[in-house]
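Shown here: coords_6.csv, CSV, C-alpha atoms and all ligand atoms.
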```
chain,number,residue,atom,x,y,z
K,1,MET,CA,0.0,0.0,0.0
K,2,SER,CA,1.1,3.6,-0.3
K,3,ASP,CA,0.5,6.7,1.7
K,4,ARG,CA,-0.4,10.1,0.1
K,5,ALA,CA,3.2,11.1,-0.3
K,6,GLY,CA,3.8,8.0,-2.4
K,7,THR,CA,5.8,6.1,0.2
K,8,ILE,CA,5.6,2.4,-0.5
K,9,TRP,CA,5.1,0.4,2.6
K,10,ARG,CA,6.0,-3.3,2.7
K,11,VAL,CA,3.5,-4.8,5.0
K,12,SER,CA,3.4,-8.5,6.0
K,13,ARG,CA,1.4,-10.6,8.3
K,14,THR,CA,3.6,-11.6,11.2
K,15,PRO,CA,3.3,-15.3,12.0
K,16,SER,CA,2.5,-16.0,15.7
K,17,PRO,CA,3.0,-19.6,16.3
K,18,ARG,CA,2.4,-19.4,20.1
K,19,ARG,CA,-0.6,-17.2,19.8
K,20,GLY,CA,-3.6,-18.5,21.8
K,21,LYS,CA,-7.0,-18.4,20.2
K,22,ASP,CA,-8.1,-15.5,22.4
K,23,VAL,CA,-5.2,-13.3,21.3
K,24,PRO,CA,-6.1,-11.3,18.2
K,25,GLU,CA,-3.9,-11.6,15.2
K,26,GLN,CA,-1.9,-8.5,14.6
K,27,LEU,CA,-0.4,-7.0,11.4
K,28,GLY,CA,3.3,-6.4,11.8
K,29,PHE,CA,5.7,-4.3,9.8
K,30,ASP,CA,8.6,-6.6,9.2
K,31,MET,CA,10.9,-4.0,8.0
K,32,MET,CA,11.4,-0.3,7.8
K,33,PRO,CA,9.4,1.4,5.1
K,34,GLU,CA,11.2,1.6,1.8
K,35,ARG,CA,10.8,5.1,0.3
K,36,LEU,CA,11.0,5.5,-3.4
K,37,PHE,CA,13.5,8.1,-4.4
K,38,VAL,CA,11.4,10.9,-5.9
K,39,CYS,CA,13.4,12.5,-8.7
K,40,THR,CA,13.7,14.1,-12.1
K,41,PRO,CA,16.5,13.3,-14.6
K,42,SER,CA,18.1,16.8,-13.8
K,43,LYS,CA,18.1,16.0,-10.1
K,44,LEU,CA,20.1,12.8,-10.7
K,45,SER,CA,22.4,14.5,-13.2
K,46,SER,CA,23.0,17.3,-10.7
K,47,TYR,CA,24.4,14.8,-8.2
K,48,ALA,CA,26.4,12.9,-10.8
K,49,ASP,CA,28.0,16.2,-12.0
K,50,CYS,CA,28.8,17.4,-8.5
K,51,PRO,CA,27.5,16.2,-5.1
K,52,ARG,CA,28.2,19.5,-3.5
K,53,ARG,CA,26.2,21.4,-6.1
K,54,TYR,CA,23.3,18.9,-5.5
K,55,ARG,CA,23.4,19.6,-1.8
K,56,HIS,CA,23.2,23.4,-2.4
K,57,THR,CA,20.4,22.9,-4.9
K,58,TYR,CA,18.2,20.3,-3.2
K,59,LEU,CA,19.1,20.1,0.5
K,60,ASP,CA,20.4,23.3,2.0
K,61,ARG,CA,17.6,25.5,3.3
K,62,PRO,CA,17.9,28.3,3.0
K,63,ALA,CA,19.9,27.6,-0.1
K,64,PRO,CA,23.0,29.6,-0.7
K,65,GLN,CA,22.5,32.6,-2.8
K,66,LYS,CA,23.0,31.9,-6.5
K,67,GLY,CA,25.1,34.0,-8.8
K,68,PRO,CA,23.5,36.3,-11.4
K,69,ALA,CA,21.3,34.9,-14.2
K,70,TRP,CA,23.0,33.5,-17.3
K,71,ALA,CA,22.2,34.8,-20.7
K,72,HIS,CA,22.4,31.4,-22.2
K,73,ASN,CA,19.7,30.1,-19.8
K,74,SER,CA,17.5,33.1,-20.7
K,75,LEU,CA,18.0,32.3,-24.4
K,76,GLY,CA,17.2,28.7,-23.9
K,77,ALA,CA,14.0,29.4,-21.9
K,78,SER,CA,12.8,32.0,-24.4
K,79,VAL,CA,13.2,29.7,-27.4
K,80,HIS,CA,11.6,26.7,-25.6
K,81,THR,CA,8.6,28.8,-24.5
K,82,ALA,CA,8.1,30.3,-28.0
K,83,LEU,CA,8.1,26.9,-29.5
K,84,ARG,CA,5.7,25.5,-27.0
K,85,ASN,CA,3.3,28.5,-27.7
K,86,TRP,CA,3.8,27.9,-31.5
K,87,TRP,CA,2.4,24.4,-31.1
K,88,ASP,CA,-0.5,25.8,-29.0
K,89,LEU,CA,-1.7,27.9,-32.0
K,90,PRO,CA,-4.4,26.5,-34.3
K,91,VAL,CA,-2.9,24.4,-37.1
K,92,GLU,CA,-3.6,27.0,-39.8
K,93,ARG,CA,-1.6,29.7,-37.9
K,94,ARG,CA,1.5,27.6,-37.3
K,95,ASP,CA,3.8,29.3,-39.6
K,96,GLY,CA,6.8,31.7,-39.5
K,97,THR,CA,4.7,34.9,-39.3
K,98,ALA,CA,3.6,34.1,-35.7
K,99,LEU,CA,7.2,33.7,-34.4
K,100,PRO,CA,8.3,37.3,-33.8
K,101,ARG,CA,5.3,38.0,-31.6
K,102,LEU,CA,5.6,34.7,-29.7
K,103,LEU,CA,9.3,35.2,-29.1
K,104,ARG,CA,8.9,38.8,-28.0
K,105,ALA,CA,6.1,38.0,-25.7
K,106,THR,CA,8.1,35.5,-23.6
K,107,TRP,CA,11.6,36.8,-24.1
K,108,VAL,CA,13.7,36.6,-21.0
K,109,ARG,CA,16.0,39.6,-20.7
K,110,GLU,CA,18.4,38.6,-17.9
K,111,GLY,CA,22.1,38.0,-18.2
K,112,TYR,CA,23.0,39.9,-21.4
K,113,ARG,CA,25.9,42.3,-21.6
K,114,ASP,CA,23.8,45.2,-22.9
K,115,ASP,CA,20.8,46.0,-25.1
K,116,GLU,CA,22.8,45.7,-28.2
K,117,GLN,CA,23.9,42.2,-27.5
K,118,GLU,CA,20.4,41.2,-26.4
K,119,ARG,CA,18.9,42.5,-29.6
K,120,ALA,CA,21.5,40.7,-31.7
K,121,VAL,CA,20.8,37.4,-29.8
K,122,TYR,CA,17.0,37.9,-30.2
K,123,GLU,CA,17.4,38.3,-34.0
K,124,ARG,CA,19.6,35.2,-34.1
K,125,ALA,CA,17.1,33.2,-32.1
K,126,LEU,CA,14.2,34.3,-34.3
K,127,GLY,CA,16.3,33.1,-37.3
K,128,TRP,CA,16.7,29.7,-35.7
K,129,LEU,CA,13.0,29.4,-35.0
K,130,GLU,CA,12.0,30.5,-38.5
K,131,ALA,CA,14.3,28.0,-40.1
K,132,TYR,CA,13.3,25.2,-37.7
K,133,THR,CA,9.5,25.6,-38.0
K,134,ALA,CA,9.8,26.0,-41.8
K,135,ASP,CA,10.8,22.4,-42.0
K,136,LEU,CA,8.1,21.2,-39.5
K,137,ASP,CA,4.8,19.7,-40.5
K,138,PRO,CA,2.3,21.8,-38.5
K,139,GLU,CA,0.0,18.9,-38.5
K,140,LEU,CA,2.5,16.6,-36.9
K,141,GLU,CA,0.8,14.1,-34.6
K,142,LEU,CA,1.9,14.9,-31.1
K,143,LEU,CA,1.5,13.1,-27.9
K,144,GLY,CA,2.6,16.1,-25.9
K,145,VAL,CA,4.4,19.4,-25.8
K,146,GLU,CA,6.4,20.1,-22.6
K,147,ARG,CA,4.6,17.0,-21.3
K,148,THR,CA,5.4,15.5,-17.9
K,149,VAL,CA,5.8,11.8,-17.9
K,150,ALA,CA,6.2,9.7,-14.8
K,151,ALA,CA,7.0,6.1,-13.9
K,152,LYS,CA,8.2,4.0,-10.9
K,153,THR,CA,10.8,1.4,-10.6
K,154,ALA,CA,11.8,-0.6,-7.5
K,155,VAL,CA,13.9,2.4,-6.4
K,156,LEU,CA,12.7,5.5,-8.2
K,157,ALA,CA,9.6,7.6,-8.5
K,158,LEU,CA,10.6,9.3,-11.6
K,159,SER,CA,9.1,12.2,-13.5
K,160,GLY,CA,10.3,14.6,-16.1
K,161,ARG,CA,9.1,17.0,-18.7
K,162,ALA,CA,9.9,16.3,-22.3
K,163,ASP,CA,10.0,19.2,-24.8
K,164,ARG,CA,8.0,17.2,-27.3
K,165,ILE,CA,6.7,13.7,-27.7
K,166,ASP,CA,5.8,12.7,-31.2
K,167,ALA,CA,3.6,9.9,-32.4
K,168,ARG,CA,5.3,8.2,-35.3
K,169,GLY,CA,4.2,4.9,-36.8
K,170,GLY,CA,2.6,3.6,-33.6
K,171,GLU,CA,5.5,4.6,-31.4
K,172,ALA,CA,6.4,7.5,-29.2
K,173,VAL,CA,9.5,9.6,-30.0
K,174,ILE,CA,11.2,11.9,-27.5
K,175,VAL,CA,12.3,15.3,-28.9
K,176,ASP,CA,14.6,17.6,-26.9
K,177,TYR,CA,15.4,21.1,-28.1
K,178,LYS,CA,19.0,22.3,-27.7
K,179,THR,CA,20.3,25.9,-28.1
K,180,GLY,CA,23.9,25.5,-26.9
K,181,ARG,CA,27.0,26.6,-28.8
K,182,THR,CA,28.0,23.3,-30.2
K,183,GLY,CA,26.3,20.8,-32.4
K,184,LEU,CA,25.4,17.3,-31.0
K,185,ASP,CA,26.0,13.8,-32.4
K,186,THR,CA,24.5,10.4,-31.9
K,187,ASP,CA,26.7,9.7,-28.9
K,188,ASP,CA,25.1,12.6,-27.1
K,189,ALA,CA,21.6,11.2,-27.9
K,190,ARG,CA,22.6,7.7,-26.9
K,191,GLY,CA,24.4,8.7,-23.7
K,192,SER,CA,21.7,11.1,-22.5
K,193,LEU,CA,20.3,9.9,-19.2
K,194,ALA,CA,17.4,12.3,-19.4
K,195,LEU,CA,16.3,11.2,-22.9
K,196,ALA,CA,16.4,7.5,-21.9
K,197,LEU,CA,14.4,8.1,-18.8
K,198,TYR,CA,11.8,10.1,-20.7
K,199,ALA,CA,11.5,7.2,-23.1
K,200,PHE,CA,11.2,4.7,-20.2
K,201,ALA,CA,8.4,6.8,-18.7
K,202,ALA,CA,6.7,7.7,-21.9
K,203,GLU,CA,6.4,4.0,-22.9
K,204,ARG,CA,4.5,3.4,-19.7
K,205,VAL,CA,2.3,6.5,-19.9
K,206,PHE,CA,1.3,6.1,-23.5
K,207,ARG,CA,1.3,2.3,-23.6
K,208,ARG,CA,3.2,2.2,-26.8
K,209,PRO,CA,6.9,1.5,-27.6
K,210,CYS,CA,9.2,4.5,-27.1
K,211,ARG,CA,12.7,3.8,-28.3
K,212,ARG,CA,13.8,6.7,-30.5
K,213,VAL,CA,15.2,9.8,-28.9
K,214,GLU,CA,16.2,13.0,-30.7
K,215,LEU,CA,18.2,16.1,-29.9
K,216,HIS,CA,17.2,19.0,-32.1
K,217,HIS,CA,19.9,21.6,-32.2
K,218,LEU,CA,18.2,24.8,-33.3
K,219,PRO,CA,21.3,26.9,-33.9
K,220,THR,CA,22.6,24.5,-36.6
K,221,GLY,CA,19.3,22.9,-37.6
K,222,THR,CA,20.7,19.4,-37.0
K,223,VAL,CA,19.1,16.4,-35.4
K,224,ALA,CA,21.1,13.8,-33.4
K,225,ALA,CA,19.1,10.6,-32.9
K,226,HIS,CA,19.4,7.3,-31.3
K,227,GLU,CA,17.3,4.1,-31.4
K,228,HIS,CA,17.3,2.6,-27.9
K,229,THR,CA,16.6,-1.1,-27.2
K,230,PRO,CA,14.8,-2.3,-24.1
K,231,GLU,CA,18.3,-3.4,-22.8
K,232,SER,CA,19.9,0.1,-23.4
K,233,ILE,CA,17.0,1.8,-21.6
K,234,ALA,CA,17.3,-0.7,-18.8
K,235,ARG,CA,21.0,0.1,-18.5
K,236,HIS,CA,20.1,3.8,-18.1
K,237,VAL,CA,17.4,3.1,-15.5
K,238,SER,CA,19.9,0.9,-13.6
K,239,ARG,CA,22.4,3.7,-13.7
K,240,ALA,CA,19.8,6.2,-12.4
K,241,GLU,CA,19.0,3.8,-9.6
K,242,ASP,CA,22.6,3.5,-8.6
K,243,THR,CA,22.8,7.3,-8.5
K,244,ALA,CA,19.7,7.4,-6.3
K,245,ARG,CA,21.2,4.9,-3.9
K,246,ASP,CA,24.4,7.0,-3.7
K,247,ILE,CA,22.3,10.1,-2.9
K,248,VAL,CA,20.3,8.3,-0.3
K,249,ALA,CA,23.5,7.0,1.3
K,250,ALA,CA,25.0,10.5,1.3
K,251,GLU,CA,21.9,12.0,2.8
K,252,LYS,CA,21.9,9.4,5.5
K,253,ALA,CA,25.6,10.1,6.3
K,254,LEU,CA,24.7,13.8,6.6
K,255,ALA,CA,21.8,13.0,8.9
K,256,ASP,CA,24.2,10.8,11.0
K,257,GLY,CA,26.6,13.6,11.5
K,258,THR,CA,29.1,13.4,8.7
K,259,PRO,CA,30.2,17.0,7.8
K,260,PRO,CA,28.3,18.3,4.8
K,261,ASP,CA,31.5,18.8,2.8
K,262,GLU,CA,32.5,15.2,3.3
K,263,ALA,CA,29.0,13.7,2.7
K,264,PHE,CA,28.7,15.8,-0.5
K,265,PRO,CA,32.2,16.4,-1.8
K,266,THR,CA,33.1,18.8,-4.6
K,267,ARG,CA,33.7,17.5,-8.1
K,268,PRO,CA,35.7,20.3,-9.7
K,269,GLY,CA,35.8,20.4,-13.5
K,270,SER,CA,34.9,22.6,-16.4
K,271,LEU,CA,31.3,23.0,-15.1
K,272,CYS,CA,32.7,25.1,-12.1
K,273,SER,CA,33.0,28.2,-14.2
K,274,TRP,CA,29.3,28.0,-15.0
K,275,CYS,CA,28.1,26.9,-11.6
K,276,ASP,CA,25.6,29.0,-9.7
K,277,PHE,CA,27.3,28.2,-6.4
K,278,ARG,CA,30.9,28.9,-7.3
K,279,ARG,CA,31.0,31.9,-4.9
K,280,VAL,CA,30.3,29.7,-1.9
K,281,CYS,CA,32.5,26.8,-3.0
K,282,PRO,CA,36.2,26.7,-2.5
K,283,ALA,CA,36.7,24.6,-5.7
K,284,GLY,CA,34.6,27.1,-7.7
K,285,ALA,CA,36.8,30.0,-6.6
K,286,GLU,CA,39.7,28.4,-8.5
K,287,ALA,CA,37.8,28.1,-11.8
K,288,PRO,CA,38.2,30.7,-14.5
K,289,VAL,CA,35.5,33.4,-14.3
K,290,LYS,CA,33.0,33.6,-17.1
K,291,GLU,CA,30.8,36.6,-17.8
K,292,THR,CA,27.1,35.8,-17.7
K,293,TRP,CA,26.8,36.5,-21.4
K,294,ALA,CA,30.0,34.6,-22.5
K,295,ALA,CA,28.1,31.5,-23.9
K,296,VAL,CA,25.8,33.5,-26.2
K,297,GLU,CA,28.6,35.4,-27.9
K,298,THR,CA,29.7,32.3,-29.9
K,299,THR,CA,26.4,30.5,-30.7
K,300,PRO,CA,26.1,29.8,-34.4
K,301,THR,CA,24.2,32.6,-36.2
K,302,GLY,CA,22.2,30.3,-38.4
K,303,PRO,CA,21.3,26.7,-39.4
K,304,ILE,CA,23.9,24.7,-41.4
K,305,ARG,CA,22.3,23.8,-44.7
K,306,ALA,CA,23.7,20.9,-46.7
K,401,LIG,S1,31.9,25.2,-8.2
K,401,LIG,FE1,32.3,23.2,-9.0
K,401,LIG,S2,32.9,21.9,-7.3
K,401,LIG,FE2,31.9,23.8,-6.5
K,401,LIG,S3,29.7,23.2,-6.3
K,401,LIG,FE3,29.9,24.1,-8.3
K,401,LIG,S4,30.4,22.4,-9.7
K,401,LIG,FE4,30.7,21.7,-7.6
```

Produce structure tokens that represent the structure in this file.
Ligand code: SF4
Amino acid sequence: MSDRAGTIWRVSRTPSPRRGKDVPEQLGFDMMPERLFVCTPSKLSSYADCPRRYRHTYLDRPAPQKGPAWAHNSLGASVHTALRNWWDLPVERRDGTALPRLLRATWVREGYRDDEQERAVYERALGWLEAYTADLDPELELLGVERTVAAKTAVLALSGRADRIDARGGEAVIVDYKTGRTGLDTDDARGSLALALYAFAAERVFRRPCRRVELHHLPTGTVAAHEHTPESIARHVSRAEDTARDIVAAEKALADGTPPDEAFPTRPGSLCSWCDFRRVCPAGAEAPVKETWAAVETTPTGPIRA
């Protein structure tokens, strides 16, 4: 049975060999309740990238103050929202003429160097969207746009929001939009924990096979795709469960008195320069400083056409 918070309780009838007939039989709990680890792919990836960053993000309350907003995050959010709203339009209005209004309406302004840079990035993003939607069938059969899918395993209560889930030939296909500086290849699609977990959950939610995952890189107009097998999805799920067990063990160590910096150690690397918590992290202080707009200065200006 489960309680309202989704905790799974393993309940068993305790045998009572010496119980007299006047003693009522009692239900016993033969073990501690096993809580499913409630998570999203990004929560798991956060720990895998750096346990300390996970602690600051998900455990510390109040959380340490984050650094200023990043322009590349503003850009990504703006483009994602414009595309979501484009799919919300009636089919006959899904064309390029709607895009300037949609992008302007939900444009996030934070993190840019100045108005001039922001305007240039807006124009660039509009160009990506116009090129991308020009190649889209507006009547594409969709199972969801920014759709949350959820599933449970023996260890995880998993949920996540996929950018788009297409219905193709009786199957579900996971589509994830990317707006980063560099293009992506099939290894990125194959290795993405998030995409595999979305596929795992979507297969259960929609009761149809979901094996194909795609990364749509808007700046270059390229698609990196991978066809999973049940085995490759199972490997990703197993990896996610291992990460969840590591997190639970670290949280238990913290609760048992292990110092936070030991239970959740730093994992310094290239991500430190872009980490929201670098100001409160000794390892982050060593990393090269990046301006909040640095990542948008070098994004491609338009799709690569063959
Ligand atoms: S600055 Fe680096 S080591 Fe420190 S929390 Fe962030 S990612 Fe981890």

Compute the set of protein, DNA and RNA residues whose minimum atom distance to ligand LIG 401 (chain K) is at most 9 Å, using all atoms listed in the file, and state it as a compact mmCIF listing (two decimals) with C-alpha atoms, keeping the file's coordinate frame.
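Below is the file out.txt, written as the result:
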```txt
# COMPACT_ATOMS: atom_id res chain seq x y z
CA ASP K 49 28.00 16.20 -12.00
CA CYS K 50 28.80 17.40 -8.50
CA PRO K 51 27.50 16.20 -5.10
CA ARG K 52 28.20 19.50 -3.50
CA ARG K 53 26.20 21.40 -6.10
CA TYR K 54 23.30 18.90 -5.50
CA ARG K 55 23.40 19.60 -1.80
CA HIS K 56 23.20 23.40 -2.40
CA PRO K 265 32.20 16.40 -1.80
CA THR K 266 33.10 18.80 -4.60
CA ARG K 267 33.70 17.50 -8.10
CA PRO K 268 35.70 20.30 -9.70
CA GLY K 269 35.80 20.40 -13.50
CA SER K 270 34.90 22.60 -16.40
CA LEU K 271 31.30 23.00 -15.10
CA CYS K 272 32.70 25.10 -12.10
CA SER K 273 33.00 28.20 -14.20
CA TRP K 274 29.30 28.00 -15.00
CA CYS K 275 28.10 26.90 -11.60
CA ASP K 276 25.60 29.00 -9.70
CA PHE K 277 27.30 28.20 -6.40
CA ARG K 278 30.90 28.90 -7.30
CA ARG K 279 31.00 31.90 -4.90
CA VAL K 280 30.30 29.70 -1.90
CA CYS K 281 32.50 26.80 -3.00
CA PRO K 282 36.20 26.70 -2.50
CA ALA K 283 36.70 24.60 -5.70
CA GLY K 284 34.60 27.10 -7.70
CA ALA K 285 36.80 30.00 -6.60
CA GLU K 286 39.70 28.40 -8.50
CA ALA K 287 37.80 28.10 -11.80
```

Problem set entry | Non-local contacts of segment 91-102 of chain K (9 Å; all atoms listed in the file; under 2 positions in same chain excluded) as number ranges by chain | K: 81-83, 85-89, 104-107, 126, 129-131, 133-134, 138-139

For this session: Pick out the residues sitting within 10 Å of Gly191 of chain K, and hand them over as an MDAnalysis selection string; count only C-alpha atoms, and ignore anything fewer than 3 positions along from it in its own chain.
Result: chainID K and resid 186:188 194:196 226 232 236

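With atom CA of Ala234 of chain K on one side and atom CA of Lys152 of chain K on the other, the separation reads 12.9 Å.
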
Problem set entry | Who sits within 8 Å of Glu241 of chain K, only C-alpha atoms, same chain under 3 positions skipped, as a PyMOL selection string | chain K and resi 155-156+237-238+244-245

Would you mind exporting C-alpha atoms of the selected residues as a PDB file, in the coordinates of the input?
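Final output, part-v7.pdb:
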```
ATOM      1  CA  VAL K 155      13.900   2.400  -6.400  1.00  0.00           C
ATOM      2  CA  LEU K 156      12.700   5.500  -8.200  1.00  0.00           C
ATOM      3  CA  VAL K 237      17.400   3.100 -15.500  1.00  0.00           C
ATOM      4  CA  SER K 238      19.900   0.900 -13.600  1.00  0.00           C
ATOM      5  CA  ALA K 244      19.700   7.400  -6.300  1.00  0.00           C
ATOM      6  CA  ARG K 245      21.200   4.900  -3.900  1.00  0.00           C
TER       7      ARG K 245
END
```

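Rounded to one decimal, atom CA of Tyr112 of chain K and atom CA of Lys290 of chain K lie 12.6 Å from each other.
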
Problem set entry | Selection as a count of residues only: residues within 9 Å of (17.6, 1.8, -27.6), counting only C-alpha atoms | 14

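For the pair atom CA of Arg147 of chain K and atom CA of Asp163 of chain K, the interatomic distance is 6.8 Å.
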
For this session: Determine, counting all atoms listed in the file, which protein, DNA and RNA residues have an atom within 8 Å of an atom of Glu141 of chain K; residues of the same chain fewer than 6 positions away are not included. Present the result as a PyMOL selection string.
Result: chain K and resi 166-168

Problem set entry | Protein and nucleic acid residues near (15.1, 37.1, -26.3) (cut-off 8 Å, all atoms listed in the file) as a PyMOL selection string | chain K and resi 74-75+78-79+103-104+106-109+118-119+121-122+125

Seminar exercise, completed: Using all atoms listed in the file, the best pick from K:Gly180, K:Ala157, K:Ala263, K:Glu251 as closest to Leu36 of chain K would be K:Ala157

Please, what is the axis-aligned box for every listed atom of segment 138-154 of chain K with 5 Å on each side, as centre and edge lengths in Å to one decimal, as AutoDock Vina command-line options?
```
--center_x 5.9 --center_y 10.6 --center_z -23.0 --size_x 21.8 --size_y 32.4 --size_z 41.0
```

Exercise. K:Ala249, K:Val223, K:Leu193, K:Ile165: which is nearest Leu143 of chain K, counting only C-alpha atoms?
Worked result: K:Ile165
